[in-house]
Amino acid sequence: MDELRALLAKHARPALTTAIPDVLVSKTAVAGPPTPSMTGTILAFIAQGRKRIAAGDRVFDYRAGQYLVASVDLPITGGYVDISPSEPALGLGLVLRPDEVAHLLLSQNLPAPTGTPEGLAVSDASPELLDAVTRLARLLDQPRDARALAPLVKQEILWRVMTGEQGAAVRQLGSQDSSLSHISRAVTWIRENFSESFKVGNVARIAGMSESAFYRNFQAVTGMSPIQFQKQIRLQEARLLLATNRDVTSVSHRVGYDSPSQFSREYRRRFGTPPSRDARLRPQPAP
């Protein structure tokens, strides 16, 4: 773990990206208030520090030596805790690609995934997974070797996770007919059309499920109802818009609210302060 921490501290950049595609490195030295974001579909391994995130009513704590799997792109709120400049949080992320999961499923004849896994899950990293993650980080110092070896090590990491405690969630990511894939289609539609009102039955048809099965599976995966999920997306988008447009009424309509007062109430519950005040407190980006 010491070698991994040193490598991550060395290669961390503000943009998180690295020279190896789909490999992210993060370093956070100051614990701030919980912030909203989207997870993406990712394997996130912590080498130092502790992170707490909330998705709907679910709260996840994970620390050094553990990893989080996000098999659906979910709205979350959270951040690192108990960190300092002398002991910053250090982490490595690997973007999960459904086509790469599907390739392993087919080539290794893994059993078809069943059930409906949660979209977020935390587990302890096995010694074998930790070793593979360290070797991947080591390749950041070896760009010539990385071109040939990084795809192999990423595949090994994916294999370790797919055959481990959270394997079901990752395997479903690569199966076009899994319940997770059906819900992912609905999640994508809601994200792309967040300002539009919808009937749950219509989105269930997009997902290719009956309304009752869709509602049940959507809550199992995301921890939220479809309408709650849409609300989270709307409010996160509104917060981004308020960084450049401080007209609260205009922003509320742009993200799909008919009532600015309802928007303000729900924004305050989500972020702890009214939208007008939140916009004033946060600096506008430079022109």
# chains A, B, ... in the order shown; residues from 1 in each chain; ligands from 1
>>> select_by_dssp(residues="range 101-137 of chain A", states="strand (DSSP E)", output="JSON, numbers by chain")
{"A": [120, 121, 122, 123, 124]}
>>> residues_around(residues="range 176-183 of chain A", least_positions_apart="6", cutoff="12 Å", atoms="only C-alpha atoms", output="ChimeraX atom specification")
/A:70-74,98-99,101-102,105,112-120,168-170,189-190,203-211,213-222,225-226
>>> select_by_dssp(residues="range 83-197 of chain A", states="alpha helix (DSSP H)", output="PyMOL selection string")
chain A and resi 98-107+127-138+143-162+167-173+179-192
>>> residues_around(residues="His103 in chain A", least_positions_apart="2", cutoff="12 Å", atoms="only C-alpha atoms", output="list in words")
Arg97, Pro98, Asp99, Glu100, Val101, Leu105, Leu106, Ser107, Gln108, Asn109, Leu110, Gln155, Leu158, Trp159, Arg171, Leu173, Gly174 and Ser175 of chain A
>>> write_last_selection(atoms="N, CA, C and O atoms", output="compact mmCIF listing (two decimals), in the first residue's frame")
# COMPACT_ATOMS: atom_id res chain seq x y z
N ARG A 97 -16.39 -0.09 -18.64
CA ARG A 97 -16.98 -0.05 -19.99
C ARG A 97 -17.80 -1.32 -20.22
O ARG A 97 -17.26 -2.44 -20.14
N PRO A 98 -19.09 -1.19 -20.54
CA PRO A 98 -19.91 -2.38 -20.76
C PRO A 98 -19.35 -3.33 -21.81
O PRO A 98 -19.45 -4.55 -21.66
N ASP A 99 -18.73 -2.79 -22.88
CA ASP A 99 -18.21 -3.68 -23.92
C ASP A 99 -17.05 -4.52 -23.41
O ASP A 99 -16.89 -5.69 -23.79
N GLU A 100 -16.23 -3.96 -22.51
CA GLU A 100 -15.12 -4.72 -21.96
C GLU A 100 -15.62 -5.79 -20.99
O GLU A 100 -15.07 -6.90 -20.94
N VAL A 101 -16.66 -5.46 -20.24
CA VAL A 101 -17.27 -6.46 -19.36
C VAL A 101 -17.87 -7.58 -20.21
O VAL A 101 -17.70 -8.77 -19.92
N LEU A 105 -17.18 -11.64 -20.21
CA LEU A 105 -18.30 -12.56 -19.98
C LEU A 105 -18.32 -13.66 -21.05
O LEU A 105 -18.49 -14.85 -20.75
N LEU A 106 -18.14 -13.23 -22.29
CA LEU A 106 -18.23 -14.19 -23.39
C LEU A 106 -16.99 -15.06 -23.49
O LEU A 106 -17.08 -16.28 -23.67
N SER A 107 -15.82 -14.45 -23.35
CA SER A 107 -14.58 -15.21 -23.54
C SER A 107 -14.33 -16.20 -22.42
O SER A 107 -13.68 -17.24 -22.63
N GLN A 108 -14.82 -15.91 -21.22
CA GLN A 108 -14.57 -16.79 -20.08
C GLN A 108 -15.79 -17.62 -19.70
O GLN A 108 -15.78 -18.33 -18.69
N ASN A 109 -16.87 -17.48 -20.47
CA ASN A 109 -18.07 -18.28 -20.24
C ASN A 109 -18.57 -18.18 -18.79
O ASN A 109 -18.90 -19.18 -18.15
N LEU A 110 -18.60 -16.96 -18.28
CA LEU A 110 -19.10 -16.75 -16.92
C LEU A 110 -20.62 -16.95 -16.89
O LEU A 110 -21.30 -16.72 -17.89
N GLN A 155 -7.66 -5.41 -17.61
CA GLN A 155 -8.51 -6.59 -17.76
C GLN A 155 -8.42 -7.49 -16.54
O GLN A 155 -9.43 -8.05 -16.09
N LEU A 158 -10.50 -5.92 -13.79
CA LEU A 158 -11.91 -6.15 -14.09
C LEU A 158 -12.30 -7.59 -13.76
O LEU A 158 -13.35 -7.84 -13.16
N TRP A 159 -11.43 -8.52 -14.11
CA TRP A 159 -11.70 -9.93 -13.80
C TRP A 159 -11.79 -10.16 -12.30
O TRP A 159 -12.66 -10.88 -11.81
N ARG A 171 -20.97 -7.80 -13.74
CA ARG A 171 -21.34 -8.69 -14.83
C ARG A 171 -22.63 -8.22 -15.51
O ARG A 171 -22.76 -8.29 -16.73
N LEU A 173 -23.52 -5.26 -15.91
CA LEU A 173 -23.19 -4.09 -16.73
C LEU A 173 -22.89 -4.51 -18.17
O LEU A 173 -23.14 -3.75 -19.11
N GLY A 174 -22.37 -5.72 -18.35
CA GLY A 174 -22.01 -6.17 -19.69
C GLY A 174 -23.05 -7.03 -20.36
O GLY A 174 -22.83 -7.53 -21.47
N SER A 175 -24.19 -7.24 -19.72
CA SER A 175 -25.24 -8.08 -20.29
C SER A 175 -26.38 -7.20 -20.78
O SER A 175 -27.01 -6.48 -20.00
>>> atom_distance(atom1="CA of Ser37 in chain A", atom2="CA of Pro75 in chain A")
5.8 Å
>>> residues_around(residues="Phe263 in chain A", least_positions_apart="5", cutoff="10 Å", atoms="only C-alpha atoms", output="PyMOL selection string")
chain A and resi 231+234-235+238+248-249+251-253+255-258+268-269+274-275
>>> atom_distance(atom1="CA of Ser276 in chain A", atom2="CA of Gln262 in chain A")
13.7 Å
>>> residues_around(residues="Glu192 in chain A", least_positions_apart="2", cutoff="12 Å", atoms="only C-alpha atoms", output="PyMOL selection string")
chain A and resi 185-190+194-196+230+233-234+237+255
>>> write_last_selection(atoms="all heavy atoms", output="tab-separated table (two decimals), in the first residue's frame")
chain	number	residue	atom	x	y	z
A	185	ARG	N	-30.91	2.01	-19.20
A	185	ARG	CA	-31.55	2.70	-20.32
A	185	ARG	C	-32.50	3.78	-19.81
A	185	ARG	O	-32.56	4.89	-20.35
A	185	ARG	CB	-32.30	1.71	-21.21
A	185	ARG	CG	-31.39	0.81	-22.03
A	185	ARG	CD	-32.14	0.21	-23.22
A	185	ARG	NE	-33.08	-0.81	-22.83
A	185	ARG	CZ	-32.78	-2.09	-22.67
A	185	ARG	NH1	-31.54	-2.51	-22.86
A	185	ARG	NH2	-33.71	-2.97	-22.34
A	186	ALA	N	-33.24	3.45	-18.76
A	186	ALA	CA	-34.16	4.43	-18.18
A	186	ALA	C	-33.39	5.58	-17.54
A	186	ALA	O	-33.79	6.75	-17.68
A	186	ALA	CB	-35.05	3.76	-17.14
A	187	VAL	N	-32.32	5.27	-16.84
A	187	VAL	CA	-31.50	6.31	-16.22
A	187	VAL	C	-30.97	7.27	-17.28
A	187	VAL	O	-31.00	8.50	-17.11
A	187	VAL	CB	-30.34	5.66	-15.42
A	187	VAL	CG1	-29.25	6.68	-15.12
A	187	VAL	CG2	-30.86	5.04	-14.13
A	188	THR	N	-30.48	6.72	-18.38
A	188	THR	CA	-29.97	7.57	-19.47
A	188	THR	C	-31.07	8.47	-20.02
A	188	THR	O	-30.85	9.67	-20.25
A	188	THR	CB	-29.38	6.70	-20.59
A	188	THR	OG1	-28.29	5.93	-20.06
A	188	THR	CG2	-28.88	7.55	-21.74
A	189	TRP	N	-32.26	7.91	-20.22
A	189	TRP	CA	-33.36	8.73	-20.75
A	189	TRP	C	-33.72	9.85	-19.79
A	189	TRP	O	-33.90	11.00	-20.22
A	189	TRP	CB	-34.59	7.86	-21.02
A	189	TRP	CG	-35.67	8.63	-21.73
A	189	TRP	CD1	-35.83	8.76	-23.08
A	189	TRP	CD2	-36.68	9.45	-21.12
A	189	TRP	NE1	-36.90	9.59	-23.35
A	189	TRP	CE2	-37.44	10.03	-22.17
A	189	TRP	CE3	-37.02	9.73	-19.80
A	189	TRP	CZ2	-38.52	10.86	-21.93
A	189	TRP	CZ3	-38.10	10.57	-19.56
A	189	TRP	CH2	-38.84	11.13	-20.61
A	190	ILE	N	-33.81	9.55	-18.51
A	190	ILE	CA	-34.18	10.59	-17.54
A	190	ILE	C	-33.12	11.67	-17.50
A	190	ILE	O	-33.43	12.87	-17.44
A	190	ILE	CB	-34.40	9.97	-16.14
A	190	ILE	CG1	-35.62	9.05	-16.15
A	190	ILE	CG2	-34.59	11.07	-15.09
A	190	ILE	CD1	-35.80	8.24	-14.87
A	194	PHE	N	-34.28	15.47	-18.38
A	194	PHE	CA	-34.61	15.74	-16.98
A	194	PHE	C	-35.62	16.87	-16.80
A	194	PHE	O	-36.32	16.92	-15.80
A	194	PHE	CB	-33.34	16.06	-16.18
A	194	PHE	CG	-32.63	17.32	-16.62
A	194	PHE	CD1	-33.00	18.56	-16.12
A	194	PHE	CD2	-31.59	17.26	-17.51
A	194	PHE	CE1	-32.36	19.72	-16.52
A	194	PHE	CE2	-30.92	18.42	-17.92
A	194	PHE	CZ	-31.31	19.65	-17.42
A	195	SER	N	-35.70	17.78	-17.76
A	195	SER	CA	-36.62	18.91	-17.60
A	195	SER	C	-38.05	18.58	-18.02
A	195	SER	O	-38.95	19.39	-17.82
A	195	SER	CB	-36.12	20.13	-18.41
A	195	SER	OG	-36.11	19.83	-19.80
A	196	GLU	N	-38.25	17.40	-18.58
A	196	GLU	CA	-39.58	17.00	-19.04
A	196	GLU	C	-40.32	16.20	-17.98
A	196	GLU	O	-39.73	15.35	-17.31
A	196	GLU	CB	-39.47	16.14	-20.31
A	196	GLU	CG	-38.84	16.83	-21.50
A	196	GLU	CD	-38.78	15.92	-22.72
A	196	GLU	OE1	-39.55	14.94	-22.76
A	196	GLU	OE2	-37.95	16.20	-23.61
A	230	GLN	N	-35.16	11.98	-10.93
A	230	GLN	CA	-35.26	13.15	-11.79
A	230	GLN	C	-35.05	14.43	-11.01
A	230	GLN	O	-34.36	15.36	-11.46
A	230	GLN	CB	-36.62	13.18	-12.48
A	230	GLN	CG	-36.79	14.36	-13.43
A	230	GLN	CD	-38.23	14.58	-13.83
A	230	GLN	OE1	-39.13	14.57	-12.98
A	230	GLN	NE2	-38.46	14.76	-15.12
A	233	ILE	N	-31.39	15.08	-10.38
A	233	ILE	CA	-30.73	15.56	-11.59
A	233	ILE	C	-31.07	17.02	-11.85
A	233	ILE	O	-30.22	17.85	-12.18
A	233	ILE	CB	-31.12	14.69	-12.81
A	233	ILE	CG1	-30.71	13.23	-12.59
A	233	ILE	CG2	-30.47	15.24	-14.08
A	233	ILE	CD1	-29.24	13.01	-12.43
A	234	ARG	N	-32.36	17.37	-11.71
A	234	ARG	CA	-32.78	18.76	-11.92
A	234	ARG	C	-32.05	19.72	-11.00
A	234	ARG	O	-31.57	20.78	-11.42
A	234	ARG	CB	-34.29	18.87	-11.70
A	234	ARG	CG	-35.15	18.34	-12.82
A	234	ARG	CD	-36.63	18.50	-12.50
A	234	ARG	NE	-37.47	18.25	-13.68
A	234	ARG	CZ	-38.78	18.33	-13.68
A	234	ARG	NH1	-39.43	18.66	-12.57
A	234	ARG	NH2	-39.47	18.10	-14.78
A	237	GLU	N	-28.35	20.09	-11.90
A	237	GLU	CA	-28.21	20.92	-13.10
A	237	GLU	C	-28.48	22.39	-12.76
A	237	GLU	O	-27.79	23.29	-13.26
A	237	GLU	CB	-29.18	20.44	-14.17
A	237	GLU	CG	-29.09	21.19	-15.49
A	237	GLU	CD	-27.79	20.96	-16.23
A	237	GLU	OE1	-27.10	19.97	-15.93
A	237	GLU	OE2	-27.46	21.79	-17.11
A	255	VAL	N	-34.88	24.01	-15.74
A	255	VAL	CA	-34.68	22.62	-15.30
A	255	VAL	C	-36.00	21.88	-15.10
A	255	VAL	O	-36.00	20.72	-14.67
A	255	VAL	CB	-33.84	22.56	-14.01
A	255	VAL	CG1	-32.46	23.16	-14.24
A	255	VAL	CG2	-34.54	23.23	-12.83
>>> closest_residue(among="A:Ala125, A:Ile227, A:Leu7, A:Leu140", to="Val200 in chain A", atoms="only C-alpha atoms")
A:Ile227
>>> closest_residue(among="A:Asp2, A:Asp57, A:Glu156, A:Glu165", to="Ala121 in chain A", atoms="only C-alpha atoms")
A:Glu165
>>> atom_distance(atom1="CA of Asp247 in chain A", atom2="CA of Ile76 in chain A")
25.3 Å
